[in-house]
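Listing of run-v6.json; format and content: JSON, C-alpha atoms.
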```
[["chain", "number", "residue", "atom", "x", "y", "z"],
["A", 29, "MET", "CA", 0.00, 0.00, 0.00],
["A", 30, "ASN", "CA", 2.85, 2.35, 0.85],
["A", 31, "ILE", "CA", 4.19, 2.47, -2.67],
["A", 32, "LEU", "CA", 0.77, 3.62, -3.89],
["A", 33, "THR", "CA", 0.18, 6.34, -1.33],
["A", 34, "GLN", "CA", 3.74, 7.61, -0.94],
["A", 35, "PRO", "CA", 5.09, 10.34, -3.20],
["A", 36, "TRP", "CA", 7.74, 9.43, -5.77],
["A", 37, "PRO", "CA", 11.17, 11.11, -5.75],
["A", 38, "TRP", "CA", 12.09, 13.43, -8.62],
["A", 39, "TYR", "CA", 14.49, 10.91, -10.18],
["A", 40, "VAL", "CA", 11.62, 8.47, -10.65],
["A", 41, "SER", "CA", 8.83, 10.84, -11.71],
["A", 42, "GLY", "CA", 10.98, 13.14, -13.90],
["A", 43, "PRO", "CA", 12.24, 10.38, -16.24],
["A", 44, "LEU", "CA", 8.71, 8.90, -16.38],
["A", 45, "ILE", "CA", 7.36, 12.27, -17.55],
["A", 46, "GLY", "CA", 10.18, 12.40, -20.12],
["A", 47, "LEU", "CA", 9.13, 8.98, -21.44],
["A", 48, "MET", "CA", 5.75, 10.44, -22.41],
["A", 49, "VAL", "CA", 7.57, 12.10, -25.33],
["A", 50, "PRO", "CA", 8.77, 8.94, -27.17],
["A", 51, "VAL", "CA", 5.70, 6.89, -26.21],
["A", 52, "LEU", "CA", 3.32, 9.43, -27.80],
["A", 53, "LEU", "CA", 5.53, 9.69, -30.88],
["A", 54, "ILE", "CA", 5.77, 5.93, -31.33],
["A", 55, "LEU", "CA", 2.10, 5.28, -30.63],
["A", 56, "GLY", "CA", 0.88, 7.71, -33.26],
["A", 57, "ASN", "CA", 3.31, 10.54, -34.04],
["A", 58, "LYS", "CA", 1.67, 12.80, -31.45],
["A", 59, "PRO", "CA", 3.55, 15.73, -29.92],
["A", 60, "PHE", "CA", 3.44, 15.82, -26.12],
["A", 61, "GLY", "CA", 1.45, 18.87, -25.01],
["A", 62, "ILE", "CA", -1.57, 19.60, -22.85],
["A", 63, "SER", "CA", -2.60, 23.21, -23.40],
["A", 64, "SER", "CA", -3.85, 22.47, -26.95],
["A", 65, "SER", "CA", -6.73, 20.62, -25.29],
["A", 66, "LEU", "CA", -8.06, 24.00, -24.11],
["A", 67, "LYS", "CA", -8.10, 25.15, -27.73],
["A", 68, "HIS", "CA", -9.96, 22.00, -28.80],
["A", 69, "ILE", "CA", -12.54, 22.59, -26.05],
["A", 70, "CYS", "CA", -13.12, 26.09, -27.48],
["A", 71, "SER", "CA", -13.34, 24.69, -31.00],
["A", 72, "ALA", "CA", -15.85, 22.05, -29.93],
["A", 73, "CYS", "CA", -18.01, 24.22, -27.65],
["A", 74, "ILE", "CA", -17.70, 27.92, -28.48],
["A", 75, "PRO", "CA", -16.04, 28.36, -31.89],
["A", 76, "GLY", "CA", -18.23, 31.36, -32.86],
["A", 77, "LYS", "CA", -17.07, 32.74, -36.16],
["A", 78, "ILE", "CA", -13.47, 32.85, -35.02],
["A", 79, "GLU", "CA", -11.15, 31.44, -37.66],
["A", 80, "TYR", "CA", -8.68, 30.22, -35.01],
["A", 81, "PHE", "CA", -11.29, 27.78, -33.66],
["A", 82, "ASN", "CA", -12.81, 26.68, -36.94],
["A", 83, "TYR", "CA", -10.97, 23.48, -37.69],
["A", 84, "ASN", "CA", -11.77, 19.80, -37.39],
["A", 85, "TRP", "CA", -11.19, 19.37, -33.64],
["A", 86, "LYS", "CA", -12.32, 15.76, -33.87],
["A", 87, "ALA", "CA", -9.08, 15.01, -35.70],
["A", 88, "GLU", "CA", -7.31, 16.16, -32.52],
["A", 89, "SER", "CA", -9.61, 14.30, -30.15],
["A", 90, "TRP", "CA", -6.69, 12.15, -28.95],
["A", 91, "ASN", "CA", -5.54, 15.23, -27.02],
["A", 92, "LEU", "CA", -8.92, 15.56, -25.29],
["A", 93, "LEU", "CA", -8.87, 11.86, -24.39],
["A", 94, "PHE", "CA", -5.37, 12.35, -23.00],
["A", 95, "ALA", "CA", -6.60, 15.29, -20.90],
["A", 96, "PHE", "CA", -9.58, 13.29, -19.63],
["A", 97, "GLY", "CA", -7.19, 10.48, -18.78],
["A", 98, "ILE", "CA", -5.28, 12.92, -16.56],
["A", 99, "VAL", "CA", -8.50, 13.64, -14.64],
["A", 100, "LEU", "CA", -8.99, 9.88, -14.09],
["A", 101, "GLY", "CA", -5.35, 9.44, -13.08],
["A", 102, "GLY", "CA", -5.73, 12.35, -10.67],
["A", 103, "PHE", "CA", -8.78, 10.62, -9.19],
["A", 104, "VAL", "CA", -7.07, 7.28, -8.64],
["A", 105, "ALA", "CA", -3.72, 8.64, -7.40],
["A", 106, "GLY", "CA", -4.96, 11.78, -5.66],
["A", 107, "TYR", "CA", -8.30, 10.61, -4.26],
["A", 108, "CYS", "CA", -8.33, 6.81, -3.95],
["A", 109, "PHE", "CA", -4.65, 6.42, -2.99],
["A", 110, "SER", "CA", -3.98, 9.91, -1.69],
["A", 111, "ASN", "CA", -0.93, 10.57, 0.43],
["A", 112, "PRO", "CA", -2.21, 10.94, 4.03],
["A", 113, "ASN", "CA", 0.75, 13.16, 5.01],
["A", 114, "PRO", "CA", 1.30, 16.79, 4.07],
["A", 115, "ILE", "CA", 3.80, 17.35, 1.25],
["A", 116, "GLN", "CA", 7.35, 17.71, 2.58],
["A", 117, "ILE", "CA", 8.08, 21.20, 1.31],
["A", 118, "SER", "CA", 11.09, 23.19, 2.43],
["A", 119, "GLU", "CA", 10.99, 24.82, 5.88],
["A", 120, "ASN", "CA", 12.01, 28.09, 4.25],
["A", 121, "THR", "CA", 9.00, 28.00, 1.93],
["A", 122, "ILE", "CA", 6.69, 27.23, 4.86],
["A", 123, "ALA", "CA", 8.14, 30.19, 6.77],
["A", 124, "ASP", "CA", 7.82, 32.55, 3.78],
["A", 125, "LEU", "CA", 4.21, 31.50, 3.14],
["A", 126, "ASN", "CA", 3.34, 31.76, 6.85],
["A", 127, "ALA", "CA", 4.60, 35.34, 6.79],
["A", 128, "MET", "CA", 2.14, 36.03, 3.94],
["A", 129, "GLY", "CA", -0.71, 34.46, 5.89],
["A", 130, "ILE", "CA", -0.80, 31.09, 4.12],
["A", 131, "LYS", "CA", -0.73, 28.73, 7.09],
["A", 132, "ASP", "CA", -2.45, 25.52, 5.94],
["A", 133, "HIS", "CA", -0.10, 23.54, 3.71],
["A", 134, "SER", "CA", -1.70, 20.13, 4.21],
["A", 135, "GLY", "CA", -3.26, 19.81, 0.75],
["A", 136, "PHE", "CA", -2.21, 20.37, -2.85],
["A", 137, "VAL", "CA", -3.43, 23.97, -2.73],
["A", 138, "PRO", "CA", -3.77, 26.52, 0.10],
["A", 139, "SER", "CA", -7.23, 25.70, 1.45],
["A", 140, "GLU", "CA", -7.69, 29.24, 2.85],
["A", 141, "ILE", "CA", -7.74, 30.67, -0.68],
["A", 142, "PHE", "CA", -8.69, 27.84, -3.04],
["A", 143, "ASN", "CA", -12.30, 27.22, -2.07],
["A", 144, "PHE", "CA", -15.70, 28.18, -3.50],
["A", 145, "GLN", "CA", -16.44, 30.86, -0.87],
["A", 146, "SER", "CA", -13.25, 32.76, -1.54],
["A", 147, "LEU", "CA", -14.06, 33.05, -5.25],
["A", 148, "LEU", "CA", -16.02, 36.07, -4.05],
["A", 149, "SER", "CA", -13.05, 37.51, -2.16],
["A", 150, "LEU", "CA", -10.48, 39.70, -3.89],
["A", 151, "LYS", "CA", -7.60, 37.28, -3.22],
["A", 152, "GLY", "CA", -9.52, 34.25, -4.44],
["A", 153, "PHE", "CA", -10.85, 36.08, -7.47],
["A", 154, "ILE", "CA", -7.39, 37.23, -8.51],
["A", 155, "LEU", "CA", -5.56, 33.95, -7.89],
["A", 156, "MET", "CA", -8.17, 31.53, -9.27],
["A", 157, "ILE", "CA", -10.10, 33.47, -11.91],
["A", 158, "ILE", "CA", -7.51, 35.92, -13.26],
["A", 159, "GLY", "CA", -4.79, 33.31, -12.72],
["A", 160, "GLY", "CA", -6.76, 30.72, -14.69],
["A", 161, "PHE", "CA", -7.41, 33.24, -17.46],
["A", 162, "PHE", "CA", -3.67, 34.00, -17.66],
["A", 163, "VAL", "CA", -2.86, 30.28, -17.90],
["A", 164, "GLY", "CA", -5.21, 29.81, -20.87],
["A", 165, "PHE", "CA", -4.42, 33.10, -22.62],
["A", 166, "GLY", "CA", -0.67, 32.88, -22.04],
["A", 167, "THR", "CA", -0.20, 29.27, -23.12],
["A", 168, "ARG", "CA", -2.10, 29.83, -26.35],
["A", 169, "TYR", "CA", -0.31, 33.10, -27.09],
["A", 170, "ALA", "CA", 3.03, 31.39, -26.41],
["A", 171, "ASP", "CA", 1.80, 28.34, -28.39],
["A", 172, "GLY", "CA", 2.56, 25.87, -25.63],
["A", 173, "CYS", "CA", 2.87, 25.23, -21.91],
["A", 174, "THR", "CA", 5.31, 23.49, -19.62],
["A", 175, "SER", "CA", 4.75, 20.19, -21.42],
["A", 176, "GLY", "CA", 4.60, 21.45, -25.01],
["A", 177, "HIS", "CA", 7.52, 23.89, -24.75],
["A", 178, "SER", "CA", 9.59, 23.09, -21.67],
["A", 179, "ILE", "CA", 9.56, 19.31, -22.12],
["A", 180, "MET", "CA", 8.61, 18.49, -25.74],
["A", 181, "GLY", "CA", 10.14, 21.60, -27.33],
["A", 182, "LEU", "CA", 13.36, 21.57, -25.32],
["A", 183, "SER", "CA", 13.75, 17.80, -25.86],
["A", 184, "ASN", "CA", 13.62, 18.55, -29.58],
["A", 185, "LEU", "CA", 16.15, 21.41, -29.13],
["A", 186, "GLN", "CA", 13.75, 24.11, -30.35],
["A", 187, "TRP", "CA", 15.07, 27.56, -29.46],
["A", 188, "PRO", "CA", 11.61, 29.24, -29.44],
["A", 189, "SER", "CA", 10.73, 26.77, -26.68],
["A", 190, "LEU", "CA", 13.79, 27.86, -24.72],
["A", 191, "VAL", "CA", 12.69, 31.49, -25.05],
["A", 192, "SER", "CA", 9.20, 30.54, -23.86],
["A", 193, "THR", "CA", 10.51, 28.48, -20.93],
["A", 194, "ILE", "CA", 12.72, 31.37, -19.79],
["A", 195, "CYS", "CA", 9.72, 33.70, -20.03],
["A", 196, "PHE", "CA", 7.51, 31.25, -18.07],
["A", 197, "PHE", "CA", 10.10, 31.48, -15.30],
["A", 198, "ILE", "CA", 10.49, 35.25, -15.45],
["A", 199, "GLY", "CA", 6.69, 35.62, -15.20],
["A", 200, "GLY", "CA", 6.58, 33.18, -12.28],
["A", 201, "LEU", "CA", 9.41, 34.96, -10.47],
["A", 202, "ILE", "CA", 7.78, 38.38, -10.90],
["A", 203, "MET", "CA", 4.50, 37.00, -9.52],
["A", 204, "THR", "CA", 6.11, 35.13, -6.61],
["A", 205, "TRP", "CA", 8.49, 37.84, -5.47],
["A", 206, "PHE", "CA", 6.75, 41.12, -6.32],
["A", 207, "ILE", "CA", 3.01, 40.67, -6.93],
["A", 208, "LEU", "CA", 1.89, 37.75, -4.75],
["A", 209, "PRO", "CA", 2.96, 39.42, -1.45],
["A", 210, "TRP", "CA", 0.87, 42.43, -2.51],
["A", 211, "ILE", "CA", -2.17, 40.28, -3.47],
["A", 212, "MET", "CA", -1.95, 38.51, -0.10],
["A", 213, "ARG", "CA", -2.26, 41.84, 1.70],
["A", 214, "LEU", "CA", -5.59, 42.64, -0.01],
["B", 13, "MET", "CA", -12.25, 5.00, -31.64],
["B", 14, "MET", "CA", -10.65, 1.96, -30.01],
["B", 15, "SER", "CA", -7.25, 2.97, -31.33],
["B", 16, "LYS", "CA", -7.68, 6.31, -29.59],
["B", 17, "LEU", "CA", -8.36, 4.73, -26.21],
["B", 18, "LYS", "CA", -4.64, 4.26, -25.76],
["B", 19, "TYR", "CA", -4.37, 8.02, -25.31],
["B", 20, "LEU", "CA", -6.93, 7.89, -22.52],
["B", 21, "PHE", "CA", -4.81, 5.24, -20.84],
["B", 22, "LEU", "CA", -1.61, 7.22, -21.38],
["B", 23, "GLY", "CA", -3.27, 10.33, -19.95],
["B", 24, "PHE", "CA", -4.29, 8.24, -16.95],
["B", 25, "ILE", "CA", -0.65, 7.22, -16.39],
["B", 26, "PHE", "CA", 0.46, 10.84, -16.78],
["B", 27, "GLY", "CA", -2.17, 11.96, -14.25],
["B", 28, "VAL", "CA", -0.90, 9.41, -11.73],
["B", 29, "ILE", "CA", 2.68, 10.60, -12.27],
["B", 30, "LEU", "CA", 1.71, 14.28, -11.86],
["B", 31, "ILE", "CA", 0.09, 13.50, -8.49],
["B", 32, "LYS", "CA", 2.86, 11.20, -7.24],
["B", 33, "ALA", "CA", 5.53, 13.68, -8.37],
["B", 34, "GLU", "CA", 3.66, 16.39, -6.41],
["B", 35, "VAL", "CA", 3.96, 18.61, -9.48],
["B", 36, "VAL", "CA", 0.29, 19.47, -8.90],
["B", 37, "SER", "CA", 1.12, 21.11, -5.57],
["B", 38, "TRP", "CA", 0.78, 24.89, -5.39],
["B", 39, "PHE", "CA", 3.40, 24.73, -2.64],
["B", 40, "ARG", "CA", 5.92, 22.87, -4.81],
["B", 41, "ILE", "CA", 5.59, 25.60, -7.44],
["B", 42, "GLN", "CA", 6.17, 28.28, -4.79],
["B", 43, "GLU", "CA", 9.20, 26.33, -3.54],
["B", 44, "MET", "CA", 10.54, 26.26, -7.09],
["B", 45, "PHE", "CA", 10.08, 29.98, -7.76],
["B", 46, "ARG", "CA", 11.72, 30.72, -4.40],
["B", 47, "PHE", "CA", 14.69, 28.45, -5.21],
["B", 48, "GLN", "CA", 14.17, 26.63, -1.93],
["B", 49, "ALA", "CA", 14.27, 23.03, -3.16],
["B", 50, "PHE", "CA", 15.69, 21.00, -6.01],
["B", 51, "HIS", "CA", 12.55, 18.84, -6.45],
["B", 52, "MET", "CA", 10.86, 20.63, -9.38],
["B", 53, "TYR", "CA", 14.15, 21.38, -11.13],
["B", 54, "GLY", "CA", 15.09, 17.71, -10.84],
["B", 55, "ILE", "CA", 11.78, 16.64, -12.35],
["B", 56, "ILE", "CA", 11.78, 19.09, -15.26],
["B", 57, "GLY", "CA", 15.51, 18.62, -15.89],
["B", 58, "SER", "CA", 15.44, 14.82, -15.90],
["B", 59, "ALA", "CA", 12.27, 14.79, -18.02],
["B", 60, "ILE", "CA", 14.03, 16.92, -20.65],
["B", 61, "VAL", "CA", 17.14, 14.71, -20.59],
["B", 62, "VAL", "CA", 15.06, 11.55, -21.09],
["B", 63, "GLY", "CA", 12.92, 13.25, -23.75],
["B", 64, "ALA", "CA", 15.96, 14.59, -25.63],
["B", 65, "ILE", "CA", 17.79, 11.24, -25.64],
["B", 66, "SER", "CA", 14.59, 9.54, -26.83],
["B", 67, "ILE", "CA", 14.11, 11.96, -29.72],
["B", 68, "LEU", "CA", 17.80, 11.64, -30.63],
["B", 69, "LEU", "CA", 17.44, 7.84, -30.78],
["B", 70, "ILE", "CA", 14.18, 8.06, -32.73],
["B", 71, "LYS", "CA", 15.87, 10.30, -35.32],
["B", 72, "LYS", "CA", 19.12, 8.31, -35.44],
["B", 73, "PHE", "CA", 17.45, 4.94, -35.94],
["B", 74, "LYS", "CA", 14.54, 6.36, -37.95],
["B", 75, "VAL", "CA", 12.12, 4.69, -35.56],
["B", 76, "LYS", "CA", 8.60, 4.42, -37.01],
["B", 77, "THR", "CA", 5.23, 4.49, -35.27],
["B", 78, "ILE", "CA", 3.54, 1.21, -34.37],
["B", 79, "TYR", "CA", 1.57, 1.67, -37.60],
["B", 80, "GLY", "CA", 4.81, 1.80, -39.61],
["B", 81, "LYS", "CA", 4.53, 5.52, -40.35],
["B", 82, "GLU", "CA", 7.43, 7.94, -40.27],
["B", 83, "ILE", "CA", 7.74, 10.07, -37.13],
["B", 84, "ILE", "CA", 7.76, 13.77, -38.00],
["B", 85, "ILE", "CA", 8.01, 16.44, -35.30],
["B", 86, "ALA", "CA", 6.87, 19.89, -36.39],
["B", 87, "PRO", "CA", 9.41, 22.61, -35.53],
["B", 88, "LYS", "CA", 8.34, 25.43, -33.17],
["B", 89, "GLU", "CA", 8.18, 28.77, -34.92],
["B", 90, "PHE", "CA", 9.27, 31.87, -33.06],
["B", 91, "THR", "CA", 6.81, 34.73, -32.58],
["B", 92, "LYS", "CA", 6.67, 37.60, -30.10],
["B", 93, "GLY", "CA", 4.00, 35.46, -28.43],
["B", 94, "ASN", "CA", 6.73, 33.16, -27.12],
["B", 95, "ILE", "CA", 7.85, 36.11, -25.00],
["B", 96, "ILE", "CA", 4.63, 37.98, -24.19],
["B", 97, "GLY", "CA", 2.45, 34.88, -23.87],
["B", 98, "GLY", "CA", 5.22, 33.14, -21.98],
["B", 99, "LEU", "CA", 5.37, 35.95, -19.41],
["B", 100, "ILE", "CA", 1.56, 35.95, -19.02],
["B", 101, "PHE", "CA", 1.46, 32.18, -18.53],
["B", 102, "GLY", "CA", 4.34, 32.48, -16.03],
["B", 103, "LEU", "CA", 2.29, 34.92, -13.94],
["B", 104, "GLY", "CA", -0.69, 32.57, -14.06],
["B", 105, "TRP", "CA", 1.47, 29.56, -13.23],
["B", 106, "ALA", "CA", 2.64, 31.17, -9.97],
["B", 107, "MET", "CA", -0.91, 32.36, -9.16],
["B", 108, "THR", "CA", -2.79, 29.10, -9.68],
["B", 109, "GLY", "CA", 0.24, 26.93, -8.89],
["B", 110, "ALA", "CA", -0.70, 24.86, -11.90],
["B", 111, "CYS", "CA", -0.07, 24.50, -15.59],
["B", 112, "PRO", "CA", -2.79, 22.89, -17.74],
["B", 113, "GLY", "CA", -1.86, 19.24, -16.97],
["B", 114, "PRO", "CA", -2.03, 19.68, -13.19],
["B", 115, "LEU", "CA", -5.37, 21.54, -13.53],
["B", 116, "TYR", "CA", -6.93, 18.33, -14.89],
["B", 117, "ALA", "CA", -5.20, 16.16, -12.27],
["B", 118, "LEU", "CA", -6.30, 18.44, -9.41],
["B", 119, "ILE", "CA", -9.92, 18.25, -10.52],
["B", 120, "GLY", "CA", -9.64, 14.44, -10.56],
["B", 121, "SER", "CA", -8.15, 14.46, -7.07],
["B", 122, "GLY", "CA", -11.40, 15.97, -5.81],
["B", 123, "LEU", "CA", -10.54, 19.68, -5.71],
["B", 124, "LEU", "CA", -13.71, 20.70, -7.50],
["B", 125, "VAL", "CA", -13.01, 24.43, -7.15],
["B", 126, "VAL", "CA", -10.25, 23.95, -9.73],
["B", 127, "THR", "CA", -12.98, 23.44, -12.36],
["B", 128, "VAL", "CA", -13.50, 27.21, -12.02],
["B", 129, "VAL", "CA", -9.79, 27.78, -12.73],
["B", 130, "LEU", "CA", -10.02, 25.46, -15.75],
["B", 131, "PHE", "CA", -13.16, 27.22, -16.97],
["B", 132, "PHE", "CA", -11.35, 30.55, -16.95],
["B", 133, "ALA", "CA", -8.32, 28.97, -18.61],
["B", 134, "VAL", "CA", -10.67, 27.90, -21.43],
["B", 135, "LEU", "CA", -12.07, 31.44, -21.49],
["B", 136, "GLY", "CA", -8.52, 32.83, -21.66],
["B", 137, "THR", "CA", -7.80, 30.52, -24.58],
["B", 138, "TRP", "CA", -10.97, 31.73, -26.29],
["B", 139, "ALA", "CA", -10.02, 35.37, -25.67],
["B", 140, "TYR", "CA", -6.67, 34.73, -27.34],
["B", 141, "GLY", "CA", -8.42, 33.27, -30.39],
["B", 142, "ARG", "CA", -10.76, 36.27, -30.50],
["B", 143, "LEU", "CA", -7.96, 38.84, -30.21],
["B", 144, "LYS", "CA", -5.25, 36.97, -32.12],
["B", 145, "ASP", "CA", -5.17, 39.28, -35.14],
["B", 146, "LYS", "CA", -4.84, 42.37, -32.98],
["B", 147, "LEU", "CA", -1.95, 41.06, -30.88],
["B", 148, "PRO", "CA", 1.72, 41.45, -31.80],
["B", 149, "HIS", "CA", 3.28, 38.24, -33.15]]
```

Produce structure tokens that represent the structure in this file.
Amino acid sequence: MNILTQPWPWYVSGPLIGLMVPVLLILGNKPFGISSSLKHICSACIPGKIEYFNYNWKAESWNLLFAFGIVLGGFVAGYCFSNPNPIQISENTIADLNAMGIKDHSGFVPSEIFNFQSLLSLKGFILMIIGGFFVGFGTRYADGCTSGHSIMGLSNLQWPSLVSTICFFIGGLIMTWFILPWIMRL
Amino acid sequence: MMSKLKYLFLGFIFGVILIKAEVVSWFRIQEMFRFQAFHMYGIIGSAIVVGAISILLIKKFKVKTIYGKEIIIAPKEFTKGNIIGGLIFGLGWAMTGACPGPLYALIGSGLLVVTVVLFFAVLGTWAYGRLKDKLPH
């Protein structure tokens, strides 16, 4: 049971994530990438008259099945066999987050902010709703996310993916160090 | 349809890995952006190494798909979006603590409030499609 509920070290999970790249290529010449699924959802549900969404999304339905598979995997690993212990994050991170008022680090997300009630609070609205919007808008504008650019693109030595990955990090650093402390004071 | 079910299974495996790797944790992402642990760097770094060696081998030995077709990987074309979009996604990554893959995994793990985050990620994607021609590329 332990092996199912315990977290895996980076040197096990990292290479397994990397193996997604050749497995998808060999199974059907598919490029590893998740954020395209958001585009296919738009194309399937709300294409409007927007040229960008008017294509045969059914030809890309493998990507939607892959995304739905992630939900199922999340259910089995994160709900059925969830780790009963809090994630062992660095003491320094815990101290920094405590200083910002984020005290509960028992789950995958800070429960004080990521709940339905706080969607109506300024903090929750900014982090969940504007944050979610940025994830969708930014990945499409950059034409890829952490999987499509940082893993698939860099594995294939694509320099635009390196530019994107560096920018992902710069954006994350700006948010973490300069904007998040300010949001948490709202 | 049956031949596509393998992608559902593969997604399932990927979802399990994302949870077990703790990549889905908002706290792990904070730890990464604060340079306070090696965990996330180890995961992303080793994933790239394994991915790069795999692609090198596929190209060197001209490995074909299981259907005997040639494997062709489309190159990534550079636009200003790689920079501007990249920065915007980076902000969102540190806010939500999740990139698109983890959003799906978190919903599966029972954090239903993340469906709201995903909904707005879809809306963000739609807004990009709507505004695409007006944005610098």

A:Ser178 surroundings by all atoms listed in the file, 10 Å radius, close-in-sequence under 5 positions cut, as an NGL selection string: (:A and (61 or 172-173 or 183-184 or 186 or 189-194 or 196)) or (:B and (56-57 or 59-60))

Please return, as a ChimeraX atom specification, all residues of chain B lying within 6 Å of chain A when all atoms listed in the file are considered. /B:16,19-20,23-24,27-28,32-33,37-38,43,45,51,54-55,58-60,62-64,66,77-78,83,90,93-95,97-104,106-108,112-113,116-117,120-121,125,129,132-134,136-137,140-141

Record the distance separating atom CA of A:Asn30 and atom CA of B:Val36, expressed in Å with one decimal.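 Spanning atom CA of A:Asn30 to atom CA of B:Val36 is a straight-line distance of 19.9 Å.
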
From the set B:Val75, B:Ile65, B:Pro114, B:Lys92, which residue has the shortest atom-to-atom contact distance to B:Phe26, counting only C-alpha atoms?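 Ranked by minimum distance to B:Phe26, first place goes to B:Pro114.
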
Could you check how far atom CA of A:Ala72 sits from atom CA of B:Leu143, in Å to one decimal?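 Computing it gives 18.6 Å between the two atoms.
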
Draw an axis-aligned box tight on the listed atoms of stretch 73-77 of chain B, then pad every side by 5 Å and write out centre and edge lengths in Å to one decimal as lines of an AutoDock Vina configuration file.
```
center_x = 11.3
center_y = 5.4
center_z = -36.6
size_x = 22.2
size_y = 11.9
size_z = 12.7
```

Could you check how far atom CA of B:Asp145 sits from atom CA of B:Gly109, in Å to one decimal? 29.5 Å
